[in-house]
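Chemist: Let me begin by handing over the structure; questions about it come next.
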Amino acid sequence: MSTLAATFRPTAVPSSKTLRGDPVAQAFLLLRIGFTVAPILFGIDKFANVLTDDWTKYLAPAFNDILPGSAADGMHIVGVVEIGAGLTVAVVPRFGGLLVAGWLAGIIVNLLIVGGYGDIALRDFGLLLAALTLSRLASAFTSQGANPHPYPFPRGERR
């Protein structure tokens with residue numbers, strides 16, 4: 001199968017047996033859950049405004065100028081994209097991880113343009129690296145479940 005087709009193939013959750021004994025599968029599942037739940041909750045909050053009372057303060061004027069409508073409308077568009085990204089990670093984590101990493105790169109650029117949010121941009125850079133890690137870990141698992149030993153280890157060496 002081509003790499004592109006494999007990137008878009010849904011990935012099953014590793015089996016309970018695999019999760020109990022394989023730290024790679026555990027790391028994959030933790031990242032998958034985190035990058036499913038967090039974007040969905042952040043996306044919902046673009047409409048609910050529970051986490052912050054004004055999401056528009058994080059939107060750079062340069063980006064607001066190219067988005068249709070007001071800054072609030074722009075943040076609603078952002079919310080829909082974030083919900084979609086979270087759902088994509090849930091179903092297709094190999095592609096979803098890349099999608100979230102790209103989205104985070106855009107957020108970082110936006111925050112640096114706004115200014116005063118370098119700490120959040122640095123945190124998002126760490127999240128970007130974790131999203132890329134999720135995508136790489138997802139490639140170790142097939143649609144039929146976990147591949148318990150995707151990499152050959154020398155004899156006698158254990159994970």
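So you can find residues: chains in the structure tokens are A, B, ... in the order shown, residues in each start at 1, and ligands are numbered from 1 in order.
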Could you pull out all residues of chain A with a DSSP call of strand (DSSP E or B) and give them as a PyMOL selection string?

Modeler: chain A and resi 141-142+145-146

Chemist: Select from region 64-147 of chain A every residue with an atom at most 12 Å from any atom of region 7-29 of chain A, then for each give the shortest pair of atoms and their distance in Å to one decimal, using only C-alpha atoms, rows by chain and rising number, as JSON lines.

Modeler:
{"residue": "A:Leu87", "atom": "CA", "partner": "A:Pro10", "partner_atom": "CA", "distance": 11.7}
{"residue": "A:Thr88", "atom": "CA", "partner": "A:Pro10", "partner_atom": "CA", "distance": 9.4}
{"residue": "A:Val89", "atom": "CA", "partner": "A:Pro10", "partner_atom": "CA", "distance": 9.5}
{"residue": "A:Ala90", "atom": "CA", "partner": "A:Thr11", "partner_atom": "CA", "distance": 8.6}
{"residue": "A:Val91", "atom": "CA", "partner": "A:Pro10", "partner_atom": "CA", "distance": 5.4}
{"residue": "A:Val92", "atom": "CA", "partner": "A:Pro10", "partner_atom": "CA", "distance": 4.6}
{"residue": "A:Pro93", "atom": "CA", "partner": "A:Thr11", "partner_atom": "CA", "distance": 6.9}
{"residue": "A:Arg94", "atom": "CA", "partner": "A:Thr7", "partner_atom": "CA", "distance": 5.6}
{"residue": "A:Phe95", "atom": "CA", "partner": "A:Thr7", "partner_atom": "CA", "distance": 5.4}
{"residue": "A:Gly96", "atom": "CA", "partner": "A:Phe8", "partner_atom": "CA", "distance": 8.8}
{"residue": "A:Gly97", "atom": "CA", "partner": "A:Thr7", "partner_atom": "CA", "distance": 10.2}
{"residue": "A:Leu98", "atom": "CA", "partner": "A:Thr7", "partner_atom": "CA", "distance": 9.6}
{"residue": "A:Leu99", "atom": "CA", "partner": "A:Thr7", "partner_atom": "CA", "distance": 11.3}
{"residue": "A:Ala130", "atom": "CA", "partner": "A:Phe28", "partner_atom": "CA", "distance": 10.3}
{"residue": "A:Ala131", "atom": "CA", "partner": "A:Phe28", "partner_atom": "CA", "distance": 10.4}
{"residue": "A:Leu132", "atom": "CA", "partner": "A:Phe28", "partner_atom": "CA", "distance": 11.3}
{"residue": "A:Thr133", "atom": "CA", "partner": "A:Phe28", "partner_atom": "CA", "distance": 8.5}
{"residue": "A:Leu134", "atom": "CA", "partner": "A:Phe28", "partner_atom": "CA", "distance": 6.1}
{"residue": "A:Ser135", "atom": "CA", "partner": "A:Thr7", "partner_atom": "CA", "distance": 8.8}
{"residue": "A:Arg136", "atom": "CA", "partner": "A:Phe28", "partner_atom": "CA", "distance": 9.1}
{"residue": "A:Leu137", "atom": "CA", "partner": "A:Phe28", "partner_atom": "CA", "distance": 5.8}
{"residue": "A:Ala138", "atom": "CA", "partner": "A:Phe28", "partner_atom": "CA", "distance": 6.8}
{"residue": "A:Ser139", "atom": "CA", "partner": "A:Thr7", "partner_atom": "CA", "distance": 7.8}
{"residue": "A:Ala140", "atom": "CA", "partner": "A:Ala25", "partner_atom": "CA", "distance": 8.9}
{"residue": "A:Phe141", "atom": "CA", "partner": "A:Thr11", "partner_atom": "CA", "distance": 6.9}
{"residue": "A:Thr142", "atom": "CA", "partner": "A:Thr11", "partner_atom": "CA", "distance": 6.2}
{"residue": "A:Ser143", "atom": "CA", "partner": "A:Thr11", "partner_atom": "CA", "distance": 4.5}
{"residue": "A:Gln144", "atom": "CA", "partner": "A:Ala12", "partner_atom": "CA", "distance": 6.2}
{"residue": "A:Gly145", "atom": "CA", "partner": "A:Ala12", "partner_atom": "CA", "distance": 5.1}
{"residue": "A:Ala146", "atom": "CA", "partner": "A:Pro14", "partner_atom": "CA", "distance": 4.8}
{"residue": "A:Asn147", "atom": "CA", "partner": "A:Pro14", "partner_atom": "CA", "distance": 8.4}

Chemist: Please write the residues from the selection above to a file, keeping C-alpha atoms, as a PDB file, in the first residue's frame.

Modeler:
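selection36.pdb written:
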ATOM      1  CA  LEU A  87     -12.383  13.956  15.270  1.00  0.00           C
ATOM      2  CA  THR A  88      -9.786  13.280  12.571  1.00  0.00           C
ATOM      3  CA  VAL A  89      -7.230  12.256  15.210  1.00  0.00           C
ATOM      4  CA  ALA A  90      -9.790   9.870  16.719  1.00  0.00           C
ATOM      5  CA  VAL A  91     -10.327   8.048  13.422  1.00  0.00           C
ATOM      6  CA  VAL A  92      -7.107   8.547  11.446  1.00  0.00           C
ATOM      7  CA  PRO A  93      -4.368   9.467  13.942  1.00  0.00           C
ATOM      8  CA  ARG A  94      -1.537   9.219  11.432  1.00  0.00           C
ATOM      9  CA  PHE A  95      -3.055  12.003   9.320  1.00  0.00           C
ATOM     10  CA  GLY A  96      -4.736  13.704  12.273  1.00  0.00           C
ATOM     11  CA  GLY A  97      -1.401  14.138  14.032  1.00  0.00           C
ATOM     12  CA  LEU A  98      -0.030  15.910  10.965  1.00  0.00           C
ATOM     13  CA  LEU A  99      -3.182  18.030  10.693  1.00  0.00           C
ATOM     14  CA  ALA A 130       3.890  15.695  20.463  1.00  0.00           C
ATOM     15  CA  ALA A 131       1.413  15.751  17.545  1.00  0.00           C
ATOM     16  CA  LEU A 132       4.199  14.781  15.153  1.00  0.00           C
ATOM     17  CA  THR A 133       5.136  11.979  17.554  1.00  0.00           C
ATOM     18  CA  LEU A 134       1.527  10.756  17.516  1.00  0.00           C
ATOM     19  CA  SER A 135       1.608  10.611  13.729  1.00  0.00           C
ATOM     20  CA  ARG A 136       4.844   8.608  13.757  1.00  0.00           C
ATOM     21  CA  LEU A 137       3.579   6.220  16.438  1.00  0.00           C
ATOM     22  CA  ALA A 138       0.361   5.690  14.484  1.00  0.00           C
ATOM     23  CA  SER A 139       2.431   4.322  11.612  1.00  0.00           C
ATOM     24  CA  ALA A 140       3.476   1.443  13.897  1.00  0.00           C
ATOM     25  CA  PHE A 141      -0.120   0.204  14.145  1.00  0.00           C
ATOM     26  CA  THR A 142      -2.224  -1.383  11.415  1.00  0.00           C
ATOM     27  CA  SER A 143      -5.954  -1.062  10.902  1.00  0.00           C
ATOM     28  CA  GLN A 144      -6.347  -4.581  12.314  1.00  0.00           C
ATOM     29  CA  GLY A 145      -4.843  -3.526  15.657  1.00  0.00           C
ATOM     30  CA  ALA A 146      -1.409  -3.213  17.131  1.00  0.00           C
ATOM     31  CA  ASN A 147       1.595  -4.682  15.457  1.00  0.00           C
TER      32      ASN A 147
END

Chemist: Excluding region 50-54 of chain A and its own-chain neighbours fewer than 6 positions away, which residues fall within 10 Å of it when counting only C-alpha atoms? Please give them as JSON, numbers by chain.

Modeler: {"A": [41, 42, 44, 72, 75]}

Chemist: Take the residues from that selection and put them in a file with N, CA and C atoms, as a CSV table (one decimal), in the first residue's frame.

Modeler:
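Ended up saving to part-v7.csv:
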chain,number,residue,atom,x,y,z
A,41,LEU,N,-12.5,20.0,22.8
A,41,LEU,CA,-12.9,20.9,23.9
A,41,LEU,C,-12.6,22.4,23.6
A,42,PHE,N,-11.4,22.6,23.0
A,42,PHE,CA,-11.0,24.0,22.7
A,42,PHE,C,-11.9,24.5,21.6
A,44,ILE,N,-15.1,23.6,21.0
A,44,ILE,CA,-16.4,23.9,21.6
A,44,ILE,C,-16.4,25.2,22.4
A,72,ALA,N,-15.0,37.5,16.1
A,72,ALA,CA,-15.8,36.5,16.7
A,72,ALA,C,-16.2,35.4,15.7
A,75,MET,N,-13.2,33.3,15.1
A,75,MET,CA,-12.9,32.3,16.1
A,75,MET,C,-13.9,31.2,16.1

Chemist: Between A:Leu104, A:Val81, A:Phe35, A:Pro61, which one has atoms that come closest to Arg123 (chain A), using only C-alpha atoms?

Modeler: A:Leu104
